[in-house]
Number of protein chains: 4
Amino acid sequence: MCRIAAYLGPPIALNRFLIEPEHSLVHQSWAPEELRYARLNADGFGFAWIGTDDNPASYVNTLPIWSDLNLPQLARNLVSDLWIGSVRSATEGSEVSHANTQPFCDKELIFTHNGFIRGFQSTYRKQLTDQLQTGIIATIRGNTDSEYLFAVFRQILADDNDLSVEAALITLARKMDTAVDDSATLLNFIVSEGQRLYALRHAVNEPCPSLYYTTDNESFPGGQIIASERLDQSEFWQPVPEHHLLIIDRDEPPELVAL
Amino acid sequence: MCRIAAYLGPPIALNRFLIEPEHSLVHQSWAPEELRYARLNADGFGFAWIGTDDNPASYVNTLPIWSDLNLPQLARNLVSDLWIGSVRSATEGSEVSHANTQPFCDKELIFTHNGFIRGFQSTYRKQLTDQLQTGIIATIRGNTDSEYLFAVFRQILADDNDLSVEAALITLARKMDTAVDDSATLLNFIVSEGQRLYALRHAVNEPCPSLYYTTDNESFPGGQIIASERLDQSEFWQPVPEHHLLIIDRDEPPELVAL
Amino acid sequence: MCRIAAYLGPPIALNRFLIEPEHSLVHQSWAPEELRYARLNADGFGFAWIGTDDNPASYVNTLPIWSDLNLPQLARNLVSDLWIGSVRSATEGSEVSHANTQPFCDKELIFTHNGFIRGFQSTYRKQLTDQLQTGIIATIRGNTDSEYLFAVFRQILADDNDLSVEAALITLARKMDTAVDDSATLLNFIVSEGQRLYALRHAVNEPCPSLYYTTDNESFPGGQIIASERLDQSEFWQPVPEHHLLIIDRDEPPELVAL
Amino acid sequence: MCRIAAYLGPPIALNRFLIEPEHSLVHQSWAPEELRYARLNADGFGFAWIGTDDNPASYVNTLPIWSDLNLPQLARNLVSDLWIGSVRSATEGSEVSHANTQPFCDKELIFTHNGFIRGFQSTYRKQLTDQLQTGIIATIRGNTDSEYLFAVFRQILADDNDLSVEAALITLARKMDTAVDDSATLLNFIVSEGQRLYALRHAVNEPCPSLYYTTDNESFPGGQIIASERLDQSEFWQPVPEHHLLIIDRDEPPELVAL
């Protein structure tokens with residue numbers, strides 16, 4: 001389990017998004033309020049953005065977010081109009097390591113997962129691996145269910161060049177629905193290709209993890225935010241409905257799609 | 001590429017084996033003499049031994065061996081009659097991480113590899129993965145060729161309960177001979193099940209990496225040592241012949257088996 | 001603030017002391033029950049013991065104790081009749097680093113502090129430094145109040161060769177009583193020279209941090225334990241009285257000395 | 001000993017300065033050509049710049065520079081018109097740690113030192129400490145001679161509000177000339193207050209470490225660079241004369257001041 005959040009809007013420094021909100025991801029790392037299955041998110045953290053070269057970029061660290069001595073200075077100086085962040089609570093069997101820390105990126109996508117697949121290592125890891133082509137297997141660095149879900153997601157996209165990001169995310173959810181038998185499976189995701197944010201709130205055999213969004217927050221004028229837990233006490237946060245995909249666009253109103 | 005070494009003999013403190021020799025693995029980390037394809041072994045290190053509970057135990061760190069502030073004190077206090085050590089030079093594509101640092105252990109075996117498979121990620125990783133059963137895939141933590149070779153080795157043993165460690169090692173070498181086409185493949189290994197040391201010096205499409213042993217070294221009375229580079233200037237070091245398996249036993253003279 | 005603990009008795013493996021108790025230091029790192037001024041002890045950890053060469057030895061790591069992948073294997077294999085452990089909650093101004101993580105050792109002593117001096121950096125650091133001789137200043141590696149307290153403690157011993165450890169600890173407490181004006185100052189210590197454990201429960205301008213001991217715990221036959229929080233629900237834990245020094249000896253009953 | 005470098009000119013991404021030159025600081029970390037007293041600069045690295053808020057900012061990591069998985073992405077996305085970088089070779093007695101890794105910053109200055117004071121811990125540390133006021137002692141985090149030199153430098157500035165950076169640097173050199181008796185003392189520095197680069201090439205009782213600069217390098221149009229070793233084979237690199245201070249200004253030709 002983890003806590004995740006994302007921002008889309010006018011360019012802001014990272015600290016505005018990641019550190020300054022009263023219930024920021026930093027705060028959620030040691031004082032989460034809606035976290036089940038864990039007590040802390042102290043097993044590393046990361047953030048990703050779209051770089052000056054229009055490619056995804058990420059930074060991850062295995063320390064608790066509050067211990068990163070470089071972060072305050074990076075956070076004052078990195079500016080982007082799109083941020084995705086994560087603070088991690090490691091699931092047993094997937095150690096604290098750089099490779100196991102989100103967000104994940106490839107050359108086009110940023111991907112972060114909040115959840116787990118019960119029995120992943122013992123049961124589903126081989127099954128998911130078998131669906132992956134050589135070129136995608138080659139990119140897997142660690143051993144989290146999250147990284148394999150990202151691999152399956154990219155495989156889905158690789159298999160059908162015409163598929164949209166949102167359709168691929170729904171396909172991923174559908175595929176997991178049938179794959180996991182009766183294993184508890186929590187599948188909250190935030191994904192971006194640089195233009196829009198796609199957030200799925202979903203679970204199988206369990207209630208969905210919390211997920212909220214706001215398009216009208218006075219701390220972020222013109223910006224839209226998605227987060228596992230509300231970053232502040234503004235009244236305009238709304239829950240993403242369970243088993244729904246939320247699409248946040250720069251110019252369109254937010255769209256909700258039922259799975 | 002890496003430098004590897006092992007000791008079997010009367011119980012000695014780790015520092016005797018790992019640190020004190022004039023051309024110890026510490027020295028080989030920053031001043032190797034027979035290393036090809038790399039200049040340093042500064043991408044982490046590790047050592048393994050048979051614990052007080054008769055199970056393999058290991059310690060690995062991603063820092064250069066000379067920077068580990070705990071090592072001097074551990075090395076004075078850990079005592080064993082069997083040591084296997086490694087200092088790492090990371091191959092491109094396999095980052096510096098705990099999971100990618102050797103030696104590897106399971107509940108019965110210690111395994112360390114010096115070498116690489118050219119084209120592992122892009123070509124052979126999927127091919128090797130396809131040979132592995134669910135339970136073995138579940139244990140893979142990182143993304144090195146070395147860890148996949150350890151997985152294939154364990155799969156070979158799992159497939160035939162009667163197979164000896166030495167026969168499994170030879171089977172591994174034979175399997176790789178046919179698998180790798182014309183890719184440069186360096187396959188030096190030191191393996192132990194706690195009783196004996198098994199060292200293979202082998203390569204495909206390339207000369208073998210260096211590997212030496214001694215059974216008569218005055219710094220290690222009654223002990224036998226295998227090492228990528230001779231640990232000192234004693235005259236009794238001998239090269240393991242290329243494409244040979246060396247077996248070191250507590251009570252028997254060393255045995256050499258041609259592949 | 002931190003949680004600290006110590007063991008003296010028949011030789012036991014580290015895991016018996018550090019990991020296995022139901023409210024071990026591992027458990028106290030993420031679920032402390034009597035910790036004030038902090039919520040976690042996730043800013044590194046360490047342990048110290050008397051080595052096979054009769055010198056103090058220590059191991060410290062800046063990760064949360066639950067994330068150290070080497071610890072389980074070290075803890076099964078390191079055996080001692082004297083253990084001192086600490087899990088850290090960093091005080092603002094003293095970053096997470098190896099040098100700032102306890103226990104501290106010199107060639108004769110193991111020292112660990114649970115507490116803080118409010119205003120240490122801004123006010124008292126220079127004042128304490130001015131009392132230290134060149135040779136002791138030379139050994140200071142980090143910037144915690146704890147390390148400076150260890151330095152003052154060693155200076156006290158260096159200034160009077162006839163002083164006992166317990167007298168030096170009382171002198172340290174007295175010196176701080178007068179030094180700190182009205183700054184909140186928490187001064188729980190566990191110290192050993194290898195023969196006995198000396199534990200001080202003391203504070204100035206604040207209540208003392210919790211500290212317990214037991215000389216009759218069925219999980220540790222023949223052993224005696226001191227700990228910030230009781231390691232289990234055994235009925236034989238007793239609080240160290242506030243402003244008292246507790247001396248634990250192998251052969252004598254525990255002794256309590258009022259400050 | 002270390003290798004240091006700095007850039008002043010039109011804004012460029014960090015990778016242009018730190019990574020891409022053929023003999024960049026990355027290359028100098030494992031293949032330095034003019035390094036005496038050490039063979040590598042693999043004990044951490046750092047860089048500093050003037051942030052978007054006009055304050056100095058820095059990033060340091062204790063890993064070898066080639067192992068930092070975040071660096072490539074940061075280096076593509078951080079842009080500045082002033083960069084100062086360092087790759088470290090630790091001097092005995094000052095461990096690999098964040099606090100011991102340069103560059104150092106305060107709210108106004110960036111400071112990096114290439115060199116050492118022989119006998120610093122045993123002899124000169126107390127002597128330098130005694131010259132420092134409470135507020136400056138409070139900021140010292142580690143135990144390197146370099147950090148104490150930065151502290152003395154700030155004390156010199158604090159003692160005379162009218163003193164220029166260059167005058168303070170010369171005062172620092174003069175003060176050390178008389179302080180160090182016959183101890184080998186290497187004192188190359190690069191300092192900036194955000195407007196200019198000040199580089200000192202100096203030593204006492206030893207030859208000066210190498211230091212070069214160029215104001216006409218085709219890889220850096222309009223930029224000026226100072227570096228321990230020439231970053232490329234351009235013919236326009238010149239040595240800073242021994243015992244001289246070099247001042248690089250955006251609008252003025254470089255100025256050399258003899259000590």
# chains A, B, ... in the order shown; residues from 1 in each chain; ligands from 1

call {"tool": "interface_residues", "arguments": {"of": "chain B", "to": "chain C", "cutoff": "8 Å", "atoms": "only C-alpha atoms", "output": "PyMOL selection string"}}
result
chain B and resi 51-53+57-60+70+73-74+76-78

call {"tool": "write_last_selection", "arguments": {"atoms": "N, CA, C and O atoms", "output": "PDB file, in the first residue's frame"}}
result
ATOM      1  N   GLY B  51      25.845 -20.285   8.645  1.00  0.00           N
ATOM      2  CA  GLY B  51      25.575 -19.703   9.946  1.00  0.00           C
ATOM      3  C   GLY B  51      25.593 -20.709  11.077  1.00  0.00           C
ATOM      4  O   GLY B  51      25.746 -21.914  10.868  1.00  0.00           O
ATOM      5  N   THR B  52      25.457 -20.182  12.279  1.00  0.00           N
ATOM      6  CA  THR B  52      25.453 -21.024  13.474  1.00  0.00           C
ATOM      7  C   THR B  52      24.289 -22.010  13.453  1.00  0.00           C
ATOM      8  O   THR B  52      24.321 -23.027  14.146  1.00  0.00           O
ATOM      9  N   ASP B  53      23.270 -21.713  12.667  1.00  0.00           N
ATOM     10  CA  ASP B  53      22.138 -22.625  12.529  1.00  0.00           C
ATOM     11  C   ASP B  53      22.291 -23.538  11.312  1.00  0.00           C
ATOM     12  O   ASP B  53      21.330 -24.170  10.884  1.00  0.00           O
ATOM     13  N   ALA B  57      24.020 -17.782   5.202  1.00  0.00           N
ATOM     14  CA  ALA B  57      23.723 -16.413   5.591  1.00  0.00           C
ATOM     15  C   ALA B  57      24.556 -15.508   4.701  1.00  0.00           C
ATOM     16  O   ALA B  57      25.632 -15.898   4.249  1.00  0.00           O
ATOM     17  N   SER B  58      24.050 -14.307   4.443  1.00  0.00           N
ATOM     18  CA  SER B  58      24.838 -13.403   3.618  1.00  0.00           C
ATOM     19  C   SER B  58      24.670 -11.974   4.086  1.00  0.00           C
ATOM     20  O   SER B  58      23.730 -11.639   4.811  1.00  0.00           O
ATOM     21  N   TYR B  59      25.597 -11.167   3.670  1.00  0.00           N
ATOM     22  CA  TYR B  59      25.583  -9.726   3.942  1.00  0.00           C
ATOM     23  C   TYR B  59      26.001  -9.061   2.657  1.00  0.00           C
ATOM     24  O   TYR B  59      27.046  -9.392   2.094  1.00  0.00           O
ATOM     25  N   VAL B  60      25.196  -8.130   2.152  1.00  0.00           N
ATOM     26  CA  VAL B  60      25.617  -7.386   0.962  1.00  0.00           C
ATOM     27  C   VAL B  60      25.333  -5.902   1.169  1.00  0.00           C
ATOM     28  O   VAL B  60      24.436  -5.510   1.902  1.00  0.00           O
ATOM     29  N   ASN B  70      30.500  -0.355   8.842  1.00  0.00           N
ATOM     30  CA  ASN B  70      30.237  -1.467   9.754  1.00  0.00           C
ATOM     31  C   ASN B  70      31.154  -2.657   9.509  1.00  0.00           C
ATOM     32  O   ASN B  70      31.339  -3.489  10.397  1.00  0.00           O
ATOM     33  N   GLN B  73      34.051  -3.938  11.927  1.00  0.00           N
ATOM     34  CA  GLN B  73      33.631  -4.525  13.187  1.00  0.00           C
ATOM     35  C   GLN B  73      32.935  -5.865  12.976  1.00  0.00           C
ATOM     36  O   GLN B  73      33.106  -6.797  13.771  1.00  0.00           O
ATOM     37  N   LEU B  74      32.159  -5.984  11.910  1.00  0.00           N
ATOM     38  CA  LEU B  74      31.593  -7.295  11.593  1.00  0.00           C
ATOM     39  C   LEU B  74      32.712  -8.276  11.277  1.00  0.00           C
ATOM     40  O   LEU B  74      32.678  -9.435  11.697  1.00  0.00           O
ATOM     41  N   ARG B  76      35.724  -8.488  12.249  1.00  0.00           N
ATOM     42  CA  ARG B  76      36.478  -8.975  13.399  1.00  0.00           C
ATOM     43  C   ARG B  76      35.684  -9.999  14.207  1.00  0.00           C
ATOM     44  O   ARG B  76      36.253 -10.795  14.953  1.00  0.00           O
ATOM     45  N   ASN B  77      34.369  -9.976  14.066  1.00  0.00           N
ATOM     46  CA  ASN B  77      33.522 -10.758  14.966  1.00  0.00           C
ATOM     47  C   ASN B  77      32.772 -11.913  14.333  1.00  0.00           C
ATOM     48  O   ASN B  77      32.223 -12.741  15.057  1.00  0.00           O
ATOM     49  N   LEU B  78      32.682 -11.944  13.025  1.00  0.00           N
ATOM     50  CA  LEU B  78      32.041 -13.083  12.376  1.00  0.00           C
ATOM     51  C   LEU B  78      33.108 -14.122  12.082  1.00  0.00           C
ATOM     52  O   LEU B  78      34.130 -13.817  11.462  1.00  0.00           O
TER      53      LEU B  78
END

call {"tool": "residues_around", "arguments": {"residues": "Leu128 (chain B)", "least_positions_apart": "2", "cutoff": "12 Å", "atoms": "only C-alpha atoms", "output": "count of residues only"}}
result
35

call {"tool": "atom_distance", "arguments": {"atom1": "CA of Leu186 (chain C)", "atom2": "CA of Phe116 (chain C)"}}
result
5.3 Å

call {"tool": "select_by_dssp", "arguments": {"residues": "region 83-154 of chain A", "states": "strand (DSSP E)", "output": "ChimeraX atom specification"}}
result
/A:83-88,104-105,110-117

call {"tool": "write_last_selection", "arguments": {"atoms": "all heavy atoms", "output": "compact mmCIF listing (two decimals), in the first residue's frame"}}
result
# COMPACT_ATOMS: atom_id res chain seq x y z
N TRP A 83 2.63 16.85 -12.08
CA TRP A 83 3.39 16.13 -11.05
C TRP A 83 2.64 14.86 -10.66
O TRP A 83 1.41 14.90 -10.50
CB TRP A 83 3.56 16.98 -9.80
CG TRP A 83 4.46 18.15 -9.95
CD1 TRP A 83 4.11 19.47 -9.96
CD2 TRP A 83 5.89 18.12 -10.08
NE1 TRP A 83 5.22 20.26 -10.10
CE2 TRP A 83 6.32 19.46 -10.18
CE3 TRP A 83 6.84 17.10 -10.13
CZ2 TRP A 83 7.67 19.79 -10.33
CZ3 TRP A 83 8.17 17.43 -10.28
CH2 TRP A 83 8.58 18.77 -10.38
N ILE A 84 3.37 13.79 -10.48
CA ILE A 84 2.80 12.58 -9.89
C ILE A 84 3.74 12.14 -8.78
O ILE A 84 4.95 12.05 -8.99
CB ILE A 84 2.63 11.46 -10.94
CG1 ILE A 84 1.60 11.89 -12.00
CG2 ILE A 84 2.20 10.15 -10.28
CD1 ILE A 84 1.32 10.86 -13.07
N GLY A 85 3.19 11.89 -7.59
CA GLY A 85 4.02 11.52 -6.44
C GLY A 85 3.51 10.27 -5.76
O GLY A 85 2.34 9.89 -5.89
N SER A 86 4.41 9.65 -5.01
CA SER A 86 4.07 8.42 -4.29
C SER A 86 4.92 8.30 -3.04
O SER A 86 6.11 8.59 -3.07
CB SER A 86 4.31 7.21 -5.21
OG SER A 86 4.23 6.00 -4.49
N VAL A 87 4.31 7.88 -1.93
CA VAL A 87 5.07 7.46 -0.75
C VAL A 87 4.71 6.01 -0.50
O VAL A 87 3.55 5.63 -0.53
CB VAL A 87 4.78 8.34 0.49
CG1 VAL A 87 5.43 9.70 0.34
CG2 VAL A 87 3.30 8.48 0.78
N ARG A 88 5.73 5.20 -0.23
CA ARG A 88 5.54 3.75 -0.27
C ARG A 88 5.44 3.08 1.09
O ARG A 88 6.20 3.39 2.01
CB ARG A 88 6.73 3.12 -1.02
CG ARG A 88 6.61 1.61 -1.15
CD ARG A 88 7.73 1.00 -2.00
NE ARG A 88 7.46 -0.41 -2.18
CZ ARG A 88 8.34 -1.38 -2.06
NH1 ARG A 88 9.60 -1.09 -1.80
NH2 ARG A 88 8.00 -2.64 -2.21
N PHE A 104 6.87 4.75 -11.73
CA PHE A 104 7.63 4.16 -12.82
C PHE A 104 7.42 4.99 -14.08
O PHE A 104 6.35 5.56 -14.27
CB PHE A 104 7.16 2.73 -13.09
CG PHE A 104 7.27 1.82 -11.89
CD1 PHE A 104 6.17 1.09 -11.45
CD2 PHE A 104 8.47 1.67 -11.21
CE1 PHE A 104 6.27 0.23 -10.36
CE2 PHE A 104 8.58 0.81 -10.11
CZ PHE A 104 7.47 0.09 -9.69
N CYS A 105 8.44 5.03 -14.92
CA CYS A 105 8.33 5.74 -16.20
C CYS A 105 8.89 4.87 -17.31
O CYS A 105 9.82 4.09 -17.08
CB CYS A 105 9.15 7.04 -16.20
SG CYS A 105 8.64 8.26 -15.02
N ILE A 110 4.05 7.89 -17.40
CA ILE A 110 4.29 7.85 -15.95
C ILE A 110 3.18 7.00 -15.35
O ILE A 110 2.02 7.14 -15.73
CB ILE A 110 4.26 9.26 -15.33
CG1 ILE A 110 5.31 10.16 -15.99
CG2 ILE A 110 4.46 9.19 -13.83
CD1 ILE A 110 5.15 11.63 -15.61
N PHE A 111 3.55 6.14 -14.41
CA PHE A 111 2.61 5.16 -13.89
C PHE A 111 2.83 5.00 -12.41
O PHE A 111 3.96 4.79 -11.96
CB PHE A 111 2.87 3.83 -14.62
CG PHE A 111 2.02 2.66 -14.21
CD1 PHE A 111 0.89 2.31 -14.96
CD2 PHE A 111 2.35 1.88 -13.11
CE1 PHE A 111 0.12 1.20 -14.61
CE2 PHE A 111 1.57 0.77 -12.75
CZ PHE A 111 0.46 0.44 -13.51
N THR A 112 1.77 5.07 -11.61
CA THR A 112 1.92 4.75 -10.19
C THR A 112 0.70 3.97 -9.72
O THR A 112 -0.43 4.22 -10.12
CB THR A 112 2.20 6.01 -9.35
OG1 THR A 112 2.61 5.61 -8.05
CG2 THR A 112 1.00 6.92 -9.24
N HIS A 113 0.97 3.01 -8.85
CA HIS A 113 -0.03 2.07 -8.37
C HIS A 113 -0.12 2.16 -6.86
O HIS A 113 0.89 2.17 -6.17
CB HIS A 113 0.39 0.64 -8.79
CG HIS A 113 -0.41 -0.46 -8.15
ND1 HIS A 113 0.17 -1.57 -7.59
CD2 HIS A 113 -1.75 -0.62 -8.00
CE1 HIS A 113 -0.77 -2.37 -7.13
NE2 HIS A 113 -1.93 -1.83 -7.35
N ASN A 114 -1.33 2.22 -6.36
CA ASN A 114 -1.58 2.14 -4.92
C ASN A 114 -2.42 0.90 -4.69
O ASN A 114 -3.59 0.86 -5.09
CB ASN A 114 -2.31 3.41 -4.45
CG ASN A 114 -3.01 3.23 -3.11
OD1 ASN A 114 -4.10 3.75 -2.92
ND2 ASN A 114 -2.41 2.50 -2.20
N GLY A 115 -1.80 -0.11 -4.09
CA GLY A 115 -2.53 -1.35 -3.85
C GLY A 115 -1.61 -2.54 -3.82
O GLY A 115 -0.40 -2.40 -3.58
N PHE A 116 -2.15 -3.69 -4.03
CA PHE A 116 -1.34 -4.91 -4.07
C PHE A 116 -2.18 -6.04 -4.64
O PHE A 116 -3.40 -5.93 -4.74
CB PHE A 116 -0.83 -5.29 -2.66
CG PHE A 116 -1.91 -5.49 -1.65
CD1 PHE A 116 -2.69 -6.64 -1.63
CD2 PHE A 116 -2.19 -4.50 -0.70
CE1 PHE A 116 -3.70 -6.82 -0.70
CE2 PHE A 116 -3.20 -4.66 0.22
CZ PHE A 116 -3.96 -5.83 0.22
N ILE A 117 -1.51 -7.09 -5.02
CA ILE A 117 -2.16 -8.34 -5.41
C ILE A 117 -1.75 -9.38 -4.39
O ILE A 117 -0.58 -9.77 -4.34
CB ILE A 117 -1.72 -8.81 -6.81
CG1 ILE A 117 -1.91 -7.70 -7.85
CG2 ILE A 117 -2.47 -10.08 -7.22
CD1 ILE A 117 -1.27 -8.03 -9.20

call {"tool": "residues_around", "arguments": {"residues": "region 238-243 of chain C", "least_positions_apart": "6", "cutoff": "10 Å", "atoms": "only C-alpha atoms", "output": "MDAnalysis selection string"}}
result
chainID C and resid 173 187:188 199:204 207:215 226:230 256:259

call {"tool": "atom_distance", "arguments": {"atom1": "CA of Ser24 (chain D)", "atom2": "CA of Leu245 (chain D)"}}
result
23.0 Å

call {"tool": "atom_distance", "arguments": {"atom1": "CA of Ser89 (chain D)", "atom2": "CA of Pro32 (chain D)"}}
result
11.0 Å

call {"tool": "closest_residue", "arguments": {"among": "C:Asn15, C:Asn100, C:Gly119, C:Pro10", "to": "Asn143 (chain D)", "atoms": "only C-alpha atoms"}}
result
C:Asn100
